[in-house]
file query39.cif (mmCIF, C-alpha atoms)
data_data
#
loop_
_atom_site.label_atom_id
_atom_site.label_comp_id
_atom_site.auth_asym_id
_atom_site.auth_seq_id
_atom_site.Cartn_x
_atom_site.Cartn_y
_atom_site.Cartn_z
CA MET A 1 182.34 214.81 -40.35
CA THR A 2 186.04 214.90 -39.45
CA ALA A 3 188.09 212.36 -37.51
CA ASP A 4 188.05 214.49 -34.37
CA ARG A 5 184.27 214.93 -34.19
CA TYR A 6 181.17 212.71 -34.13
CA GLU A 7 177.63 213.72 -35.06
CA ALA A 8 174.17 213.33 -33.58
CA SER A 9 170.87 214.17 -35.21
CA TYR A 10 167.86 215.30 -33.17
CA LEU A 11 164.17 215.88 -33.76
CA ILE A 12 162.92 218.74 -31.58
CA GLU A 13 159.65 220.54 -30.93
CA THR A 14 159.65 224.07 -29.46
CA PRO A 15 157.68 227.33 -29.44
CA LEU A 16 161.00 229.19 -29.46
CA GLU A 17 163.34 229.94 -32.32
CA PRO A 18 164.86 226.56 -33.33
CA ALA A 19 168.27 228.12 -33.96
CA HIS A 20 168.33 229.39 -30.38
CA VAL A 21 167.28 226.02 -29.03
CA ALA A 22 169.97 224.33 -31.10
CA GLU A 23 172.63 226.53 -29.52
CA VAL A 24 171.25 225.83 -26.04
CA LEU A 25 171.41 222.09 -26.77
CA ALA A 26 174.96 222.28 -28.08
CA GLY A 27 176.16 224.32 -25.14
CA GLU A 28 174.37 222.23 -22.52
CA GLN A 29 176.01 219.03 -23.74
CA SER A 30 179.54 220.40 -24.04
CA CYS A 31 181.10 223.34 -22.21
CA GLY A 32 178.17 225.68 -21.57
CA THR A 33 175.27 226.23 -19.22
CA PHE A 34 172.38 228.76 -19.04
CA ALA A 35 174.87 231.61 -18.46
CA ARG A 36 178.52 232.07 -19.35
CA VAL A 37 180.75 231.32 -16.37
CA GLU A 38 184.25 232.23 -15.26
CA GLY A 39 186.84 230.14 -17.08
CA GLU A 40 184.65 229.64 -20.16
CA THR A 41 187.07 231.46 -22.41
CA ASP A 42 186.74 231.85 -26.15
CA ALA A 43 189.68 229.48 -26.57
CA LEU A 44 188.01 226.83 -24.42
CA ARG A 45 184.75 227.18 -26.32
CA GLU A 46 186.57 226.88 -29.64
CA ARG A 47 188.20 223.66 -28.47
CA ALA A 48 185.41 221.96 -26.55
CA ARG A 49 182.03 223.29 -27.62
CA ALA A 50 179.57 221.26 -29.67
CA THR A 51 178.70 222.83 -33.02
CA VAL A 52 175.32 223.13 -34.71
CA GLU A 53 175.96 221.87 -38.23
CA SER A 54 172.48 222.23 -39.72
CA ILE A 55 168.85 223.05 -38.91
CA GLU A 56 165.96 221.73 -41.00
CA LEU A 57 162.53 223.18 -40.27
CA LEU A 58 159.73 220.62 -40.43
CA ASP A 59 156.01 220.86 -39.69
CA ALA A 60 154.37 222.75 -36.83
CA ALA A 61 151.73 221.60 -34.35
CA ASP A 62 148.89 223.41 -32.60
CA ALA A 63 149.60 221.80 -29.23
CA PRO A 64 152.72 220.60 -27.44
CA SER A 65 153.56 216.91 -27.50
CA LEU A 66 154.79 216.79 -23.90
CA PRO A 67 154.16 218.77 -20.68
CA ASN A 68 156.75 221.32 -19.65
CA GLY A 69 156.97 222.95 -16.21
CA TRP A 70 159.64 225.43 -17.34
CA MET A 71 157.26 226.84 -19.96
CA GLN A 72 154.29 226.76 -17.61
CA ARG A 73 156.17 228.91 -15.09
CA ARG A 74 156.69 231.45 -17.86
CA GLY A 75 153.05 231.46 -18.95
CA MET A 76 153.89 230.03 -22.35
CA PHE A 77 150.96 227.61 -22.23
CA ASP A 78 148.53 230.42 -21.49
CA LYS A 79 148.42 231.83 -25.00
CA PRO A 80 148.20 230.34 -28.50
CA GLN A 81 151.57 229.10 -29.73
CA THR A 82 153.06 227.45 -32.75
CA TRP A 83 155.03 224.39 -31.77
CA GLN A 84 157.71 224.22 -34.41
CA ARG A 85 159.43 220.94 -35.16
CA ALA A 86 162.92 220.82 -36.60
CA ARG A 87 165.77 218.43 -37.24
CA LEU A 88 169.15 219.43 -35.84
CA ARG A 89 172.54 218.02 -36.73
CA VAL A 90 175.15 218.65 -34.04
CA SER A 91 178.81 217.64 -33.94
CA PHE A 92 180.78 217.01 -30.75
CA PRO A 93 184.54 216.88 -30.11
CA VAL A 94 185.77 213.32 -29.64
CA ALA A 95 188.26 214.66 -27.09
CA ASN A 96 185.42 215.64 -24.75
CA VAL A 97 184.51 211.99 -24.26
CA GLY A 98 187.21 209.59 -25.38
CA ALA A 99 186.45 205.85 -25.38
CA ASN A 100 183.94 206.14 -22.54
CA LEU A 101 180.60 204.63 -23.54
CA PRO A 102 178.48 205.79 -20.58
CA THR A 103 179.74 209.34 -21.04
CA LEU A 104 179.14 209.18 -24.78
CA ALA A 105 175.55 208.17 -24.07
CA ALA A 106 175.19 210.94 -21.49
CA THR A 107 176.57 213.48 -23.96
CA VAL A 108 174.29 212.67 -26.89
CA SER A 109 171.19 212.17 -24.73
CA GLY A 110 171.42 212.72 -20.96
CA ASN A 111 169.75 215.91 -19.76
CA LEU A 112 168.60 216.84 -23.24
CA PHE A 113 165.30 215.06 -22.69
CA ASP A 114 164.66 217.46 -19.79
CA LEU A 115 165.51 220.73 -21.56
CA GLY A 116 163.03 223.47 -20.69
CA GLU A 117 163.20 224.91 -24.19
CA VAL A 118 161.61 221.88 -25.85
CA THR A 119 158.28 220.07 -25.70
CA GLY A 120 159.76 217.11 -27.53
CA LEU A 121 163.24 215.80 -28.27
CA ARG A 122 164.35 212.56 -29.87
CA LEU A 123 167.86 211.33 -30.69
CA GLU A 124 167.47 210.13 -34.26
CA SER A 125 170.92 209.04 -35.36
CA LEU A 126 174.52 208.81 -34.29
CA LYS A 127 177.48 208.80 -36.66
CA LEU A 128 181.09 208.14 -35.66
CA PRO A 129 184.38 208.53 -37.53
CA ALA A 130 186.13 205.19 -38.10
CA SER A 131 189.08 206.15 -35.90
CA TYR A 132 186.70 206.76 -32.98
CA ARG A 133 184.67 203.62 -33.57
CA LYS A 134 187.89 201.55 -33.35
CA GLN A 135 188.37 202.69 -29.76
CA PHE A 136 185.29 200.72 -28.68
CA ASP A 137 184.52 197.02 -28.55
CA LEU A 138 183.71 195.04 -31.69
CA PRO A 139 181.47 191.97 -31.83
CA VAL A 140 183.55 188.87 -31.12
CA GLN A 141 181.35 186.47 -33.07
CA GLY A 142 178.98 188.64 -35.09
CA ILE A 143 177.32 187.13 -38.14
CA ALA A 144 180.24 185.06 -39.43
CA GLY A 145 181.14 183.66 -36.02
CA THR A 146 177.56 182.75 -35.22
CA ARG A 147 177.24 180.93 -38.52
CA LYS A 148 180.46 179.04 -37.88
CA LEU A 149 179.42 178.02 -34.36
CA THR A 150 176.03 176.75 -35.55
CA SER A 151 177.21 175.31 -38.90
CA VAL A 152 174.45 177.23 -40.70
CA GLN A 153 175.30 178.72 -44.08
CA GLY A 154 173.18 180.04 -46.91
CA ARG A 155 169.97 180.47 -44.94
CA PRO A 156 168.65 182.18 -41.82
CA LEU A 157 169.16 180.57 -38.44
CA ILE A 158 165.94 179.05 -37.15
CA GLY A 159 165.44 179.58 -33.45
CA THR A 160 162.90 179.28 -30.69
CA ILE A 161 162.29 180.38 -27.10
CA ILE A 162 161.85 178.23 -24.03
CA LYS A 163 158.14 178.14 -23.26
CA PRO A 164 156.55 178.32 -20.71
CA ASN A 165 158.53 181.49 -19.99
CA VAL A 166 158.98 180.54 -16.33
CA GLY A 167 157.87 177.67 -14.17
CA LEU A 168 159.76 174.73 -15.65
CA SER A 169 162.33 173.09 -13.40
CA ALA A 170 165.95 172.86 -14.50
CA GLU A 171 165.46 169.23 -15.54
CA GLU A 172 162.21 169.98 -17.38
CA THR A 173 163.97 172.80 -19.23
CA GLY A 174 166.75 170.40 -20.17
CA GLU A 175 164.24 167.86 -21.47
CA LEU A 176 162.54 170.51 -23.60
CA ALA A 177 165.89 171.70 -24.94
CA GLY A 178 166.72 168.13 -25.93
CA LYS A 179 163.42 167.85 -27.83
CA LEU A 180 164.07 171.14 -29.59
CA CYS A 181 167.57 170.01 -30.60
CA ALA A 182 166.09 166.81 -32.01
CA ALA A 183 163.46 168.90 -33.83
CA GLY A 184 166.23 170.59 -35.81
CA VAL A 185 166.45 174.12 -34.43
CA ASP A 186 169.70 176.05 -34.74
CA PHE A 187 169.16 178.33 -31.75
CA ILE A 188 167.33 178.24 -28.42
CA LYS A 189 167.05 181.13 -25.97
CA ASP A 190 165.73 181.77 -22.51
CA ASP A 191 162.93 184.25 -22.06
CA GLU A 192 164.01 187.61 -20.68
CA VAL A 193 162.04 187.07 -17.48
CA CYS A 194 163.79 183.77 -16.72
CA ALA A 195 167.32 184.27 -15.41
CA ASP A 196 168.04 182.63 -12.06
CA PRO A 197 164.66 181.64 -10.57
CA ALA A 198 164.30 179.53 -7.45
CA HIS A 199 162.51 176.75 -9.34
CA ALA A 200 165.27 176.47 -11.96
CA PRO A 201 168.55 177.99 -10.71
CA LEU A 202 170.78 179.04 -13.57
CA ALA A 203 173.65 176.79 -12.50
CA GLN A 204 171.37 173.76 -12.58
CA ARG A 205 169.60 174.84 -15.75
CA VAL A 206 172.83 175.35 -17.72
CA LYS A 207 174.04 171.88 -16.82
CA ALA A 208 170.71 170.22 -17.58
CA VAL A 209 170.39 171.95 -20.95
CA MET A 210 173.99 171.53 -22.05
CA ARG A 211 173.93 167.83 -21.22
CA ARG A 212 171.28 167.44 -23.92
CA VAL A 213 173.00 169.84 -26.30
CA ARG A 214 176.28 167.91 -26.06
CA ALA A 215 174.48 164.60 -26.55
CA HIS A 216 172.83 165.98 -29.68
CA GLN A 217 176.20 167.23 -30.92
CA ASP A 218 177.80 163.83 -30.30
CA LYS A 219 175.00 162.19 -32.27
CA THR A 220 174.69 164.61 -35.20
CA GLY A 221 177.82 166.77 -35.18
CA LYS A 222 175.71 169.93 -34.83
CA LEU A 223 176.09 172.33 -31.91
CA VAL A 224 172.80 174.05 -31.19
CA MET A 225 173.43 177.56 -29.88
CA VAL A 226 171.67 178.27 -26.59
CA ALA A 227 171.41 181.85 -25.32
CA PHE A 228 171.24 181.48 -21.55
CA ASN A 229 169.81 184.56 -19.84
CA ILE A 230 172.61 185.57 -17.48
CA SER A 231 171.29 189.08 -16.76
CA ASP A 232 172.49 189.98 -13.28
CA GLU A 233 175.01 192.24 -11.56
CA THR A 234 178.39 192.35 -13.28
CA ASP A 235 180.42 189.86 -11.24
CA ALA A 236 177.59 187.35 -11.33
CA MET A 237 177.33 187.66 -15.12
CA ARG A 238 181.02 186.88 -15.47
CA ARG A 239 180.61 183.79 -13.29
CA HIS A 240 177.56 182.72 -15.26
CA ALA A 241 179.43 183.14 -18.56
CA ASP A 242 182.31 181.03 -17.26
CA LEU A 243 179.85 178.28 -16.32
CA VAL A 244 178.24 178.33 -19.77
CA GLN A 245 181.64 178.12 -21.43
CA SER A 246 182.81 175.31 -19.15
CA GLU A 247 179.72 173.31 -20.13
CA GLY A 248 180.46 173.74 -23.85
CA GLY A 249 177.99 176.54 -24.50
CA SER A 250 178.43 179.18 -27.16
CA CYS A 251 176.12 182.08 -26.25
CA VAL A 252 174.67 184.11 -23.39
CA MET A 253 171.82 186.61 -23.35
CA VAL A 254 171.62 189.92 -21.52
CA SER A 255 168.77 192.37 -21.02
CA LEU A 256 170.70 195.37 -22.27
CA ASN A 257 168.69 198.24 -20.83
CA TRP A 258 168.70 196.83 -17.31
CA CYS A 259 172.30 195.58 -17.16
CA GLY A 260 173.77 198.82 -18.50
CA TYR A 261 176.60 199.79 -20.81
CA SER A 262 179.45 199.25 -18.36
CA ALA A 263 178.31 195.78 -17.31
CA VAL A 264 177.91 194.65 -20.91
CA GLN A 265 181.32 196.04 -21.82
CA THR A 266 182.87 194.19 -18.89
CA LEU A 267 181.13 190.98 -19.95
CA ARG A 268 182.24 191.45 -23.55
CA ARG A 269 185.87 191.78 -22.52
CA HIS A 270 185.58 188.76 -20.23
CA THR A 271 184.21 186.16 -22.64
CA GLN A 272 184.39 185.00 -26.25
CA LEU A 273 180.83 183.69 -26.10
CA ALA A 274 178.33 185.27 -28.46
CA LEU A 275 176.41 188.06 -26.69
CA HIS A 276 172.72 187.99 -27.54
CA GLY A 277 171.38 191.49 -26.85
CA HIS A 278 167.74 191.59 -25.75
CA ARG A 279 166.03 194.94 -26.16
CA ASN A 280 163.21 194.58 -23.59
CA GLY A 281 162.35 198.02 -22.24
CA TYR A 282 163.23 199.74 -25.50
CA GLY A 283 159.59 200.68 -26.00
CA ALA A 284 159.74 202.99 -22.99
CA LEU A 285 162.57 204.84 -24.72
CA SER A 286 161.07 204.96 -28.19
CA ARG A 287 157.29 204.68 -28.54
CA HIS A 288 156.58 208.41 -28.36
CA PRO A 289 157.64 209.92 -31.70
CA LEU A 290 159.00 213.06 -30.02
CA LEU A 291 160.83 211.51 -27.10
CA GLY A 292 163.72 209.14 -26.53
CA PHE A 293 165.74 207.22 -29.10
CA SER A 294 165.34 205.96 -32.60
CA PHE A 295 166.57 202.40 -33.03
CA GLN A 296 169.53 203.55 -35.12
CA ALA A 297 170.91 205.65 -32.29
CA TRP A 298 170.04 203.14 -29.56
CA GLN A 299 171.61 200.18 -31.34
CA THR A 300 174.71 202.20 -32.23
CA LEU A 301 175.51 202.72 -28.55
CA TRP A 302 174.96 199.05 -27.73
CA ARG A 303 177.06 197.89 -30.65
CA LEU A 304 179.91 199.90 -29.19
CA ALA A 305 179.62 197.58 -26.18
CA GLY A 306 180.39 194.63 -28.48
CA VAL A 307 177.12 192.69 -28.71
CA ASP A 308 176.82 190.05 -31.46
CA HIS A 309 173.03 189.76 -31.88
CA MET A 310 170.34 192.43 -31.59
CA HIS A 311 166.58 192.00 -31.26
CA VAL A 312 164.48 193.90 -33.80
CA HIS A 313 161.03 192.34 -33.11
CA GLY A 314 159.14 190.82 -36.05
CA LEU A 315 156.93 191.66 -39.00
CA GLN A 316 153.18 191.35 -38.52
CA GLY A 317 153.97 190.54 -34.89
CA LYS A 318 152.23 190.97 -31.57
CA PHE A 319 153.96 194.18 -30.46
CA SER A 320 153.27 197.81 -31.26
CA GLN A 321 156.04 198.50 -33.77
CA THR A 322 155.05 199.02 -37.39
CA ASP A 323 156.51 196.73 -40.02
CA ASP A 324 158.44 199.69 -41.44
CA GLU A 325 160.13 200.24 -38.08
CA VAL A 326 161.08 196.56 -37.80
CA ILE A 327 162.50 196.58 -41.33
CA GLU A 328 164.51 199.73 -40.69
CA SER A 329 165.83 198.26 -37.43
CA ALA A 330 167.00 195.09 -39.18
CA ARG A 331 168.75 197.12 -41.84
CA ASP A 332 170.44 199.19 -39.14
CA THR A 333 171.96 196.10 -37.54
CA LEU A 334 173.12 194.77 -40.91
CA ALA A 335 174.90 198.02 -41.81
CA PRO A 336 178.45 198.77 -40.61
CA LEU A 337 178.59 201.71 -38.22
CA THR A 338 181.48 203.18 -40.20
CA ASP A 339 183.22 202.54 -43.49
CA GLY A 340 185.98 199.96 -43.52
CA ILE A 341 184.95 198.07 -40.36
CA ASP A 342 182.76 194.96 -40.50
CA ASP A 343 180.96 195.31 -37.19
CA ARG A 344 177.56 194.12 -38.42
CA VAL A 345 175.47 192.17 -35.93
CA LEU A 346 172.83 189.50 -36.44
CA PRO A 347 169.26 190.83 -36.34
CA ALA A 348 166.98 188.61 -34.26
CA PHE A 349 163.36 188.53 -35.43
CA SER A 350 160.82 187.35 -32.85
CA ASN A 351 157.28 187.79 -31.48
CA GLY A 352 154.45 186.12 -33.31
CA GLN A 353 156.63 184.76 -36.09
CA TRP A 354 155.70 181.65 -38.07
CA ALA A 355 156.05 180.36 -41.62
CA GLY A 356 153.45 182.82 -42.85
CA THR A 357 155.55 185.85 -41.88
CA VAL A 358 158.60 184.60 -43.80
CA PRO A 359 157.69 186.11 -47.23
CA ALA A 360 157.22 189.61 -45.79
CA THR A 361 160.52 189.32 -43.94
CA TRP A 362 162.42 188.19 -47.03
CA ASP A 363 160.79 190.75 -49.32
CA SER A 364 161.62 193.55 -46.90
CA VAL A 365 165.15 192.71 -45.80
CA ARG A 366 166.44 190.66 -48.78
CA SER A 367 169.06 189.00 -46.62
CA ASN A 368 169.34 185.60 -45.01
CA ASP A 369 171.78 186.98 -42.43
CA LEU A 370 169.22 186.88 -39.66
CA LEU A 371 167.94 184.83 -36.76
CA PHE A 372 164.27 183.94 -37.23
CA MET A 373 162.81 182.92 -33.87
CA SER A 374 159.43 181.31 -33.50
CA GLY A 375 157.93 180.17 -30.22
CA GLY A 376 154.36 179.15 -30.92
CA GLY A 377 155.10 178.76 -34.62
CA ILE A 378 157.31 175.78 -33.68
CA LEU A 379 156.02 174.52 -30.35
CA ALA A 380 152.32 174.87 -31.22
CA HIS A 381 152.53 173.30 -34.69
CA PRO A 382 149.74 170.67 -34.80
CA ASP A 383 152.20 167.96 -35.84
CA GLY A 384 154.82 168.81 -33.24
CA ALA A 385 157.99 170.86 -32.90
CA ALA A 386 159.93 169.02 -35.63
CA ALA A 387 157.17 169.80 -38.10
CA GLY A 388 157.20 173.41 -36.93
CA VAL A 389 160.92 173.71 -37.62
CA ALA A 390 160.49 171.98 -40.99
CA SER A 391 157.72 174.41 -41.94
CA LEU A 392 160.03 177.37 -41.31
CA GLN A 393 162.90 175.80 -43.23
CA GLN A 394 160.56 175.08 -46.13
CA ALA A 395 159.17 178.61 -46.10
CA TRP A 396 162.63 180.17 -46.16
CA ASP A 397 163.84 177.87 -48.91
CA ALA A 398 160.74 178.71 -50.94
CA VAL A 399 161.15 182.49 -50.79
CA GLN A 400 164.86 182.25 -51.57
CA GLN A 401 164.01 180.10 -54.61
CA GLY A 402 161.33 182.54 -55.79
CA GLU A 403 158.36 180.34 -54.89
CA THR A 404 155.22 181.33 -53.06
CA LEU A 405 154.32 179.51 -49.88
CA ALA A 406 151.24 178.09 -51.60
CA GLN A 407 153.41 176.61 -54.34
CA ARG A 408 155.83 175.03 -51.88
CA ALA A 409 153.02 173.78 -49.65
CA THR A 410 151.81 171.45 -52.40
CA ARG A 411 154.85 169.25 -51.77
CA SER A 412 155.74 170.23 -48.20
CA PRO A 413 153.13 168.84 -45.76
CA GLU A 414 154.62 170.56 -42.70
CA LEU A 415 154.31 173.95 -44.37
CA ARG A 416 150.81 173.18 -45.58
CA ARG A 417 149.70 172.22 -42.07
CA SER A 418 151.27 175.36 -40.66
CA ILE A 419 149.38 177.54 -43.12
CA ASP A 420 146.10 175.75 -42.47
CA PHE A 421 146.51 175.96 -38.69
CA PHE A 422 148.15 179.33 -37.99
CA GLY A 423 146.60 181.07 -41.00
CA LYS A 424 143.16 180.64 -39.49
CA LYS A 425 144.36 182.26 -36.25
#

call {"tool": "encode", "arguments": {"input": "query39.cif", "output": "structure tokens"}}
result
Amino acid sequence: MTADRYEASYLIETPLEPAHVAEVLAGEQSCGTFARVEGETDALRERARATVESIELLDAADAPSLPNGWMQRRGMFDKPQTWQRARLRVSFPVANVGANLPTLAATVSGNLFDLGEVTGLRLESLKLPASYRKQFDLPVQGIAGTRKLTSVQGRPLIGTIIKPNVGLSAEETGELAGKLCAAGVDFIKDDEVCADPAHAPLAQRVKAVMRRVRAHQDKTGKLVMVAFNISDETDAMRRHADLVQSEGGSCVMVSLNWCGYSAVQTLRRHTQLALHGHRNGYGALSRHPLLGFSFQAWQTLWRLAGVDHMHVHGLQGKFSQTDDEVIESARDTLAPLTDGIDDRVLPAFSNGQWAGTVPATWDSVRSNDLLFMSGGGILAHPDGAAAGVASLQQAWDAVQQGETLAQRATRSPELRRSIDFFGKK
């Protein structure tokens, strides 16, 4: 890869010759179309066309993975076919796009998912030269800044989510936040479905929560980071961020897929608050193995918008992702996008996490640069939220010291109770 080109890797499925499909893909997403047109000179193609760098043939299937009207109209489903799968590596000229994130996303994905020549297409990876990556936004806080804001060093951040998801009034939310601060959490976040509801308007909720957060900071010296869900249209998000900052907050949360690249970029450039990127909706883009995005490609685009934290789900959790996918996602966020630039972001583990999932997380990721969020694992602990937080802290200290949870539980009653209670569930 040279400084004037970036690369995308694709998994495709097709009954046609993969080399032909690769050329169609490259032309479609640069200067070509289904037929050569006036003005598409050899010189223009040399300058602007995407280039197929490699083709790796994989397995073949007896049936197509996805329906395809283009092939049906040509009778291609009416006779036995071999549906060849292949991995393509394609490079694109940086000059075609420039520092334009929506257009970059449209170029490496866009209409490709609708190509008639394929019965499956997935964007697997995206690699950028360092000079191109520098043209986009970097995280403002990232891992180091988040640790500094929360005064947490040498261990994961322990976080939780406001539960019930919706229904609490602004004052009730503030009271719960105060209890969670007293329980010892480092991080609290809104649920993605709670942004600016009638029963707890965001303006009121921010003030009610931050009043407790500031009181806790005055008492203990510790600022608990609260990720307020400010997902909204762009101007509203900027106003919401200003309110959070004026109240002494340090973080806001956005539902990335629904706010969009441009809105998140605008928010990033407007505020120094940590941006907590929530991935809800990612499953629609990723669950089919021959459609959509891998996490590496998806998170690369969002990191170019300057987010500081990225959800990766959790091991042994309640969602559909395999543990291997969660582990790979966490490693993606902890890896720089390019050499020489520290643009790593904090992976946020959540969904069904409790002390018992800590060993698998540590063994798989081998890093304490992560946010470990537990809702029920803290709030449903039989001895209360403080005991739930303590059980997580004890579990993480144990694995980092080379102890098993059973060994640590002999002298850590909160951890022992957590194992006895949640282990049975």

call {"tool": "atom_distance", "arguments": {"input": "query39.cif", "atom1": "atom CA of Leu346 of chain A", "atom2": "atom CA of His240 of chain A"}}
result
22.7 Å

call {"tool": "resolve_selection", "arguments": {"input": "query39.cif", "expression": "the PyMOL selection byres ((chain A and resi 100) around 12)", "output": "CSV table (one decimal) with C-alpha atoms, keeping the file's coordinate frame"}}
result
chain,number,residue,atom,x,y,z
A,94,VAL,CA,185.8,213.3,-29.6
A,95,ALA,CA,188.3,214.7,-27.1
A,96,ASN,CA,185.4,215.6,-24.8
A,97,VAL,CA,184.5,212.0,-24.3
A,98,GLY,CA,187.2,209.6,-25.4
A,99,ALA,CA,186.4,205.8,-25.4
A,101,LEU,CA,180.6,204.6,-23.5
A,102,PRO,CA,178.5,205.8,-20.6
A,103,THR,CA,179.7,209.3,-21.0
A,104,LEU,CA,179.1,209.2,-24.8
A,105,ALA,CA,175.6,208.2,-24.1
A,106,ALA,CA,175.2,210.9,-21.5
A,107,THR,CA,176.6,213.5,-24.0
A,132,TYR,CA,186.7,206.8,-33.0
A,133,ARG,CA,184.7,203.6,-33.6
A,135,GLN,CA,188.4,202.7,-29.8
A,136,PHE,CA,185.3,200.7,-28.7
A,137,ASP,CA,184.5,197.0,-28.6
A,261,TYR,CA,176.6,199.8,-20.8
A,262,SER,CA,179.4,199.2,-18.4
A,265,GLN,CA,181.3,196.0,-21.8
A,301,LEU,CA,175.5,202.7,-28.6
A,304,LEU,CA,179.9,199.9,-29.2
A,305,ALA,CA,179.6,197.6,-26.2

call {"tool": "residues_around", "arguments": {"input": "query39.cif", "residues": "segment 160-167 of chain A", "least_positions_apart": "4", "cutoff": "7 Å", "atoms": "all atoms listed in the file", "output": "list of chain:residue names"}}
result
A:Phe187, A:Ile188, A:Lys189, A:Asp190, A:Asp191, A:Cys194, A:His199, A:Met373, A:Ser374, A:Gly375

call {"tool": "residues_around", "arguments": {"input": "query39.cif", "residues": "segment 116-130 of chain A", "least_positions_apart": "4", "cutoff": "6 Å", "atoms": "all atoms listed in the file", "output": "PDB file with C-alpha atoms, in the frame of the given file"}}
result
ATOM      1  CA  ALA A   3     188.090 212.360 -37.510  1.00  0.00           C
ATOM      2  CA  TYR A   6     181.170 212.710 -34.130  1.00  0.00           C
ATOM      3  CA  GLU A   7     177.630 213.720 -35.060  1.00  0.00           C
ATOM      4  CA  ALA A   8     174.170 213.330 -33.580  1.00  0.00           C
ATOM      5  CA  SER A   9     170.870 214.170 -35.210  1.00  0.00           C
ATOM      6  CA  TYR A  10     167.860 215.300 -33.170  1.00  0.00           C
ATOM      7  CA  LEU A  11     164.170 215.880 -33.760  1.00  0.00           C
ATOM      8  CA  ILE A  12     162.920 218.740 -31.580  1.00  0.00           C
ATOM      9  CA  GLU A  13     159.650 220.540 -30.930  1.00  0.00           C
ATOM     10  CA  THR A  14     159.650 224.070 -29.460  1.00  0.00           C
ATOM     11  CA  PRO A  64     152.720 220.600 -27.440  1.00  0.00           C
ATOM     12  CA  SER A  65     153.560 216.910 -27.500  1.00  0.00           C
ATOM     13  CA  LEU A  66     154.790 216.790 -23.900  1.00  0.00           C
ATOM     14  CA  TRP A  70     159.640 225.430 -17.340  1.00  0.00           C
ATOM     15  CA  LEU A 290     159.000 213.060 -30.020  1.00  0.00           C
ATOM     16  CA  LEU A 291     160.830 211.510 -27.100  1.00  0.00           C
ATOM     17  CA  GLY A 292     163.720 209.140 -26.530  1.00  0.00           C
ATOM     18  CA  PHE A 293     165.740 207.220 -29.100  1.00  0.00           C
ATOM     19  CA  SER A 294     165.340 205.960 -32.600  1.00  0.00           C
ATOM     20  CA  GLN A 296     169.530 203.550 -35.120  1.00  0.00           C
ATOM     21  CA  ALA A 297     170.910 205.650 -32.290  1.00  0.00           C
ATOM     22  CA  THR A 338     181.480 203.180 -40.200  1.00  0.00           C
TER      23      THR A 338
END

call {"tool": "resolve_selection", "arguments": {"input": "query39.cif", "expression": "the PyMOL selection byres ((chain A and resi 307) around 7)", "output": "ChimeraX atom specification"}}
result
/A:139,275-277,302-303,305-306,308-309

call {"tool": "closest_residue", "arguments": {"input": "query39.cif", "among": "A:Arg85, A:Arg45, A:Arg147, A:Arg287", "to": "Gly27 of chain A", "atoms": "all atoms listed in the file"}}
result
A:Arg45

call {"tool": "residues_around", "arguments": {"input": "query39.cif", "residues": "segment 173-180 of chain A", "least_positions_apart": "5", "cutoff": "7 Å", "atoms": "all atoms listed in the file", "output": "JSON list (two decimals) with C-alpha atoms, in the coordinates of the input"}}
result
[["chain", "number", "residue", "atom", "x", "y", "z"],
["A", 168, "LEU", "CA", 159.76, 174.73, -15.65],
["A", 185, "VAL", "CA", 166.45, 174.12, -34.43],
["A", 205, "ARG", "CA", 169.60, 174.84, -15.75],
["A", 208, "ALA", "CA", 170.71, 170.22, -17.58],
["A", 209, "VAL", "CA", 170.39, 171.95, -20.95],
["A", 212, "ARG", "CA", 171.28, 167.44, -23.92],
["A", 213, "VAL", "CA", 173.00, 169.84, -26.30],
["A", 385, "ALA", "CA", 157.99, 170.86, -32.90]]

call {"tool": "resolve_selection", "arguments": {"input": "query39.cif", "expression": "the PyMOL selection byres ((chain A and resi 422) around 12)", "output": "PyMOL selection string"}}
result
chain A and resi 352-357+376-382+388+391+414-421+423-425

call {"tool": "residues_near_point", "arguments": {"input": "query39.cif", "point": "(162.8, 202.4, -41.4)", "cutoff": "12 Å", "atoms": "only C-alpha atoms", "output": "PyMOL selection string"}}
result
chain A and resi 124+294-296+312+321-333+364-365

call {"tool": "axis_aligned_box", "arguments": {"input": "query39.cif", "around": "segment 278-297 of chain A", "padding_each_side": "5 Å", "output": "AutoDock Vina command-line options"}}
result
--center_x 163.7 --center_y 202.3 --center_z -28.7 --size_x 24.3 --size_y 31.5 --size_z 22.9

call {"tool": "residues_near_point", "arguments": {"input": "query39.cif", "point": "(162.1, 195.0, -22.7)", "cutoff": "9 Å", "atoms": "only C-alpha atoms", "output": "PyMOL selection string"}}
result
chain A and resi 192+255-258+278-284

call {"tool": "atom_distance", "arguments": {"input": "query39.cif", "atom1": "atom CA of Glu46 of chain A", "atom2": "atom CA of Glu28 of chain A"}}
result
14.9 Å

call {"tool": "residues_around", "arguments": {"input": "query39.cif", "residues": "Ala263 of chain A", "least_positions_apart": "5", "cutoff": "9 Å", "atoms": "only C-alpha atoms", "output": "list in words"}}
result
Glu233, Thr234, Asp235, Met237 and Arg268 of chain A

call {"tool": "closest_residue", "arguments": {"input": "query39.cif", "among": "A:Met1, A:Ile55, A:Ala183, A:Met310", "to": "Ala86 of chain A", "atoms": "only C-alpha atoms"}}
result
A:Ile55

call {"tool": "atom_distance", "arguments": {"input": "query39.cif", "atom1": "atom CA of Glu171 of chain A", "atom2": "atom CA of Phe372 of chain A"}}
result
26.2 Å

call {"tool": "residues_around", "arguments": {"input": "query39.cif", "residues": "Pro201 of chain A", "least_positions_apart": "6", "cutoff": "10 Å", "atoms": "all atoms listed in the file", "output": "MDAnalysis selection string"}}
result
chainID A and resid 169:170 194:195
